[in-house]
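Below is entry-v3.pdb, which holds PDB, C-alpha atoms.
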ATOM      1  CA  MET A   1      23.050  -3.657  16.667
ATOM      2  CA  MET A   2      22.013  -2.129  13.343
ATOM      3  CA  SER A   3      24.439  -2.545  10.460
ATOM      4  CA  GLU A   4      25.840   0.582   8.822
ATOM      5  CA  ALA A   5      24.391  -0.507   5.459
ATOM      6  CA  LYS A   6      20.909  -0.820   6.966
ATOM      7  CA  ALA A   7      21.182   2.598   8.641
ATOM      8  CA  LYS A   8      22.170   4.206   5.344
ATOM      9  CA  ARG A   9      19.471   2.389   3.391
ATOM     10  CA  HIS A  10      16.716   3.474   5.752
ATOM     11  CA  GLN A  11      17.372   7.131   6.211
ATOM     12  CA  GLY A  12      14.373   9.376   6.450
ATOM     13  CA  THR A  13      11.786  10.854   8.761
ATOM     14  CA  LEU A  14       8.449   9.085   8.930
ATOM     15  CA  LEU A  15       5.192  10.153  10.559
ATOM     16  CA  VAL A  16       2.996   7.451  12.075
ATOM     17  CA  ALA A  17      -0.489   8.742  12.918
ATOM     18  CA  ASP A  18      -2.776   6.151  14.506
ATOM     19  CA  ASP A  19      -5.023   6.240  17.573
ATOM     20  CA  ASP A  20      -4.435   2.557  18.350
ATOM     21  CA  ASP A  21      -1.666   2.900  20.950
ATOM     22  CA  ASP A  22      -0.531  -0.744  20.750
ATOM     23  CA  TYR A  23      -0.381  -0.791  16.943
ATOM     24  CA  ARG A  24       1.371   2.595  16.779
ATOM     25  CA  LEU A  25       3.985   1.670  19.416
ATOM     26  CA  GLN A  26       4.774  -1.638  17.724
ATOM     27  CA  LEU A  27       5.097   0.016  14.306
ATOM     28  CA  VAL A  28       7.246   2.869  15.645
ATOM     29  CA  LEU A  29       9.627   0.416  17.343
ATOM     30  CA  GLN A  30       9.930  -1.704  14.183
ATOM     31  CA  LEU A  31      10.611   1.348  12.009
ATOM     32  CA  GLN A  32      13.174   2.732  14.447
ATOM     33  CA  ARG A  33      14.920  -0.646  14.480
ATOM     34  CA  GLU A  34      15.193  -0.297  10.696
ATOM     35  CA  GLY A  35      16.980   3.030  11.119
ATOM     36  CA  PHE A  36      14.185   5.530  10.462
ATOM     37  CA  ARG A  37      13.540   8.657  12.513
ATOM     38  CA  VAL A  38       9.884   8.266  13.499
ATOM     39  CA  LEU A  39       7.467  10.928  14.672
ATOM     40  CA  GLU A  40       4.265   9.616  16.194
ATOM     41  CA  ALA A  41       0.816  11.058  16.744
ATOM     42  CA  ASP A  42      -2.273   9.525  18.352
ATOM     43  CA  SER A  43      -4.669  11.761  16.422
ATOM     44  CA  ALA A  44      -4.900  13.777  13.240
ATOM     45  CA  GLN A  45      -4.834  16.932  15.360
ATOM     46  CA  ALA A  46      -1.553  15.886  17.012
ATOM     47  CA  ALA A  47      -0.132  14.989  13.589
ATOM     48  CA  GLU A  48      -1.123  18.408  12.219
ATOM     49  CA  ALA A  49       0.737  20.060  15.108
ATOM     50  CA  LEU A  50       3.858  17.993  14.355
ATOM     51  CA  LEU A  51       3.670  18.939  10.668
ATOM     52  CA  GLN A  52       3.761  22.632  11.627
ATOM     53  CA  ARG A  53       7.300  22.228  12.967
ATOM     54  CA  GLU A  54       8.681  19.097  11.271
ATOM     55  CA  THR A  55       9.401  18.022   7.706
ATOM     56  CA  ILE A  56       8.641  14.402   6.892
ATOM     57  CA  ASP A  57       9.679  12.119   4.066
ATOM     58  CA  LEU A  58       6.652   9.799   4.300
ATOM     59  CA  ALA A  59       3.486   9.372   6.386
ATOM     60  CA  ILE A  60       1.663   6.273   7.570
ATOM     61  CA  VAL A  61      -1.880   7.275   8.492
ATOM     62  CA  ASP A  62      -4.919   5.513   9.951
ATOM     63  CA  VAL A  63      -8.315   6.495   8.508
ATOM     64  CA  VAL A  64     -10.440   6.565  11.652
ATOM     65  CA  MET A  65      -8.940   8.477  14.559
ATOM     66  CA  GLU A  66     -10.839  11.180  16.442
ATOM     67  CA  ASN A  67     -13.391  11.302  13.601
ATOM     68  CA  TRP A  68     -14.415   8.851  10.871
ATOM     69  CA  ASP A  69     -12.633  10.927   8.239
ATOM     70  CA  SER A  70      -9.607  12.160  10.236
ATOM     71  CA  GLY A  71      -7.136  10.210   8.116
ATOM     72  CA  PHE A  72      -8.540  11.571   4.864
ATOM     73  CA  THR A  73      -8.295  15.127   6.197
ATOM     74  CA  LEU A  74      -4.744  14.556   7.407
ATOM     75  CA  CYS A  75      -3.746  13.089   4.025
ATOM     76  CA  TYR A  76      -5.200  16.152   2.318
ATOM     77  CA  HIS A  77      -3.157  18.488   4.523
ATOM     78  CA  ILE A  78       0.052  16.494   4.051
ATOM     79  CA  LYS A  79      -0.384  16.625   0.262
ATOM     80  CA  GLN A  80      -1.304  20.302   0.434
ATOM     81  CA  LYS A  81       1.969  21.049   2.270
ATOM     82  CA  ASN A  82       4.043  18.927  -0.142
ATOM     83  CA  PRO A  83       2.299  16.986  -2.947
ATOM     84  CA  ARG A  84       5.368  14.734  -3.354
ATOM     85  CA  THR A  85       5.261  13.387   0.219
ATOM     86  CA  PRO A  86       4.136   9.751  -0.022
ATOM     87  CA  VAL A  87       1.214   8.781   2.207
ATOM     88  CA  ILE A  88       0.461   5.182   3.124
ATOM     89  CA  MET A  89      -2.974   4.687   4.617
ATOM     90  CA  VAL A  90      -3.330   1.667   6.920
ATOM     91  CA  THR A  91      -6.831   0.980   8.162
ATOM     92  CA  ALA A  92      -9.261  -1.543   9.570
ATOM     93  CA  VAL A  93     -12.274   0.431   8.319
ATOM     94  CA  SER A  94     -13.174  -2.141   5.642
ATOM     95  CA  SER A  95     -13.279  -5.049   8.091
ATOM     96  CA  GLU A  96     -15.156  -2.983  10.691
ATOM     97  CA  THR A  97     -17.736  -1.353   8.415
ATOM     98  CA  GLY A  98     -17.816  -3.392   5.211
ATOM     99  CA  ILE A  99     -17.065  -0.177   3.286
ATOM    100  CA  ASP A 100     -14.329  -0.715   0.723
ATOM    101  CA  ILE A 101     -11.799   2.080   0.394
ATOM    102  CA  ASP A 102      -9.100   1.814  -2.236
ATOM    103  CA  ALA A 103      -6.349   3.936  -3.746
ATOM    104  CA  ALA A 104      -5.581   1.791  -6.760
ATOM    105  CA  THR A 105      -6.708   4.134  -9.538
ATOM    106  CA  ASP A 106      -5.988   7.798 -10.249
ATOM    107  CA  GLU A 107      -9.650   8.611  -9.606
ATOM    108  CA  GLU A 108      -9.588   6.925  -6.178
ATOM    109  CA  ARG A 109      -6.292   8.610  -5.256
ATOM    110  CA  SER A 110      -7.765  11.980  -6.238
ATOM    111  CA  TRP A 111     -10.170  11.882  -3.291
ATOM    112  CA  VAL A 112      -8.401   9.482  -0.912
ATOM    113  CA  LYS A 113      -5.119  11.451  -1.282
ATOM    114  CA  ALA A 114      -3.111   8.425  -0.112
ATOM    115  CA  ASP A 115      -0.620   6.886  -2.501
ATOM    116  CA  VAL A 116      -1.397   3.376  -1.307
ATOM    117  CA  LEU A 117      -3.871   1.830   1.097
ATOM    118  CA  PHE A 118      -3.341  -1.304   3.185
ATOM    119  CA  ALA A 119      -5.947  -3.123   5.249
ATOM    120  CA  LYS A 120      -4.999  -3.973   8.824
ATOM    121  CA  PRO A 121      -3.402  -6.212   9.735
ATOM    122  CA  VAL A 122      -0.580  -5.538   7.280
ATOM    123  CA  ARG A 123       2.662  -7.493   7.402
ATOM    124  CA  PHE A 124       5.589  -5.288   8.424
ATOM    125  CA  GLU A 125       7.701  -6.594   5.515
ATOM    126  CA  GLN A 126       5.003  -5.493   3.060
ATOM    127  CA  LEU A 127       4.851  -2.038   4.633
ATOM    128  CA  LEU A 128       8.652  -1.766   4.693
ATOM    129  CA  ASN A 129       8.880  -2.739   1.014
ATOM    130  CA  GLN A 130       6.384   0.001   0.136
ATOM    131  CA  ILE A 131       8.290   2.572   2.193
ATOM    132  CA  GLU A 132      11.532   1.574   0.443
ATOM    133  CA  HIS A 133       9.810   1.880  -2.943
ATOM    134  CA  PHE A 134       8.619   5.417  -2.179
ATOM    135  CA  LEU A 135      11.839   6.675  -0.606
ATOM    136  CA  HIS A 136      14.441   4.956  -2.754
ATOM    137  CA  GLY A 137      12.582   3.968  -5.916
TER     138      GLY A 137
END
For this file, write the structure as structure tokens.
Amino acid sequence: MMSEAKAKRHQGTLLVADDDDDYRLQLVLQLQREGFRVLEADSAQAAEALLQRETIDLAIVDVVMENWDSGFTLCYHIKQKNPRTPVIMVTAVSSETGIDIDAATDEERSWVKADVLFAKPVRFEQLLNQIEHFLHG
């Protein structure tokens, strides 16, 4: 059973957009256990549809979904709707392609649109710490 303190600490609505069903399900379950309301999408298109009717506090987005750049496009649309919504990009694209994508500098964030980028596999504790940083400073 979740403690009341944990439930209060982890309030917020998160979007998880990833086409890897196993990864997405595991992440959604972990986030829900931490007390978050989690919306999930298996594609950028499904995520876009959710964003038409839902307001989110933070998004966790994969880069490669239905297209190689789906995550970048989704990040752009999230930031276009609300520039203050934090976006965490989690991807295996570097290990699969050898192409390095980063969001460490202002210049990189200007085209990536994500606030931070993690390479898969990412430890849940690391992801949770970043979410806490964005939502509760």
Give me the residues within 6 Å of range 120-133 of chain A as a VMD selection string, counting only C-alpha atoms and dropping any in the same chain fewer than 4 places off. chain A and resid 91 to 92 137
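For the atom pair formed by CA of Ile56 in chain A and CA of Leu14 in chain A, the distance is 5.7 Å, given to one decimal.
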My list of candidates is A:Ala59, A:Val38, A:Ile78, A:Met89. Which is closest to Ala114 in chain A when distances are computed with all atoms listed in the file? A:Met89
Close residues, range 49-55 of chain A itself excluded, 12 Å, all atoms listed in the file, min 2 positions apart in chain, as a PyMOL selection string: chain A and resi 12-17+37-47+57-59+74-75+77-82+85
Output the selection as a PDB file, in the frame of the given file - C-alpha atoms for each residue.
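Saved result, selection33.pdb, follows:
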ATOM      1  CA  GLY A  12      14.373   9.376   6.450  1.00  0.00           C
ATOM      2  CA  THR A  13      11.786  10.854   8.761  1.00  0.00           C
ATOM      3  CA  LEU A  14       8.449   9.085   8.930  1.00  0.00           C
ATOM      4  CA  LEU A  15       5.192  10.153  10.559  1.00  0.00           C
ATOM      5  CA  VAL A  16       2.996   7.451  12.075  1.00  0.00           C
ATOM      6  CA  ALA A  17      -0.489   8.742  12.918  1.00  0.00           C
ATOM      7  CA  ARG A  37      13.540   8.657  12.513  1.00  0.00           C
ATOM      8  CA  VAL A  38       9.884   8.266  13.499  1.00  0.00           C
ATOM      9  CA  LEU A  39       7.467  10.928  14.672  1.00  0.00           C
ATOM     10  CA  GLU A  40       4.265   9.616  16.194  1.00  0.00           C
ATOM     11  CA  ALA A  41       0.816  11.058  16.744  1.00  0.00           C
ATOM     12  CA  ASP A  42      -2.273   9.525  18.352  1.00  0.00           C
ATOM     13  CA  SER A  43      -4.669  11.761  16.422  1.00  0.00           C
ATOM     14  CA  ALA A  44      -4.900  13.777  13.240  1.00  0.00           C
ATOM     15  CA  GLN A  45      -4.834  16.932  15.360  1.00  0.00           C
ATOM     16  CA  ALA A  46      -1.553  15.886  17.012  1.00  0.00           C
ATOM     17  CA  ALA A  47      -0.132  14.989  13.589  1.00  0.00           C
ATOM     18  CA  ASP A  57       9.679  12.119   4.066  1.00  0.00           C
ATOM     19  CA  LEU A  58       6.652   9.799   4.300  1.00  0.00           C
ATOM     20  CA  ALA A  59       3.486   9.372   6.386  1.00  0.00           C
ATOM     21  CA  LEU A  74      -4.744  14.556   7.407  1.00  0.00           C
ATOM     22  CA  CYS A  75      -3.746  13.089   4.025  1.00  0.00           C
ATOM     23  CA  HIS A  77      -3.157  18.488   4.523  1.00  0.00           C
ATOM     24  CA  ILE A  78       0.052  16.494   4.051  1.00  0.00           C
ATOM     25  CA  LYS A  79      -0.384  16.625   0.262  1.00  0.00           C
ATOM     26  CA  GLN A  80      -1.304  20.302   0.434  1.00  0.00           C
ATOM     27  CA  LYS A  81       1.969  21.049   2.270  1.00  0.00           C
ATOM     28  CA  ASN A  82       4.043  18.927  -0.142  1.00  0.00           C
ATOM     29  CA  THR A  85       5.261  13.387   0.219  1.00  0.00           C
TER      30      THR A  85
END
For the structure provided, state which residues fall under the PyMOL selection byres ((chain A and resi 116) around 6), and present them as a PyMOL selection string. chain A and resi 88+103+114-115+117
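Among A:Gln11, A:Asp19, A:His136, A:Ala119, the residue with the shortest atom-to-atom distance to Gly71 in chain A, counting all atoms listed in the file, is A:Asp19.
Minimum atom-to-atom distances from A:Val90, A:Gln26, A:Asp20, A:Phe118 to Met65 in chain A were compared using all atoms listed in the file, and the lowest value belongs to A:Asp20.
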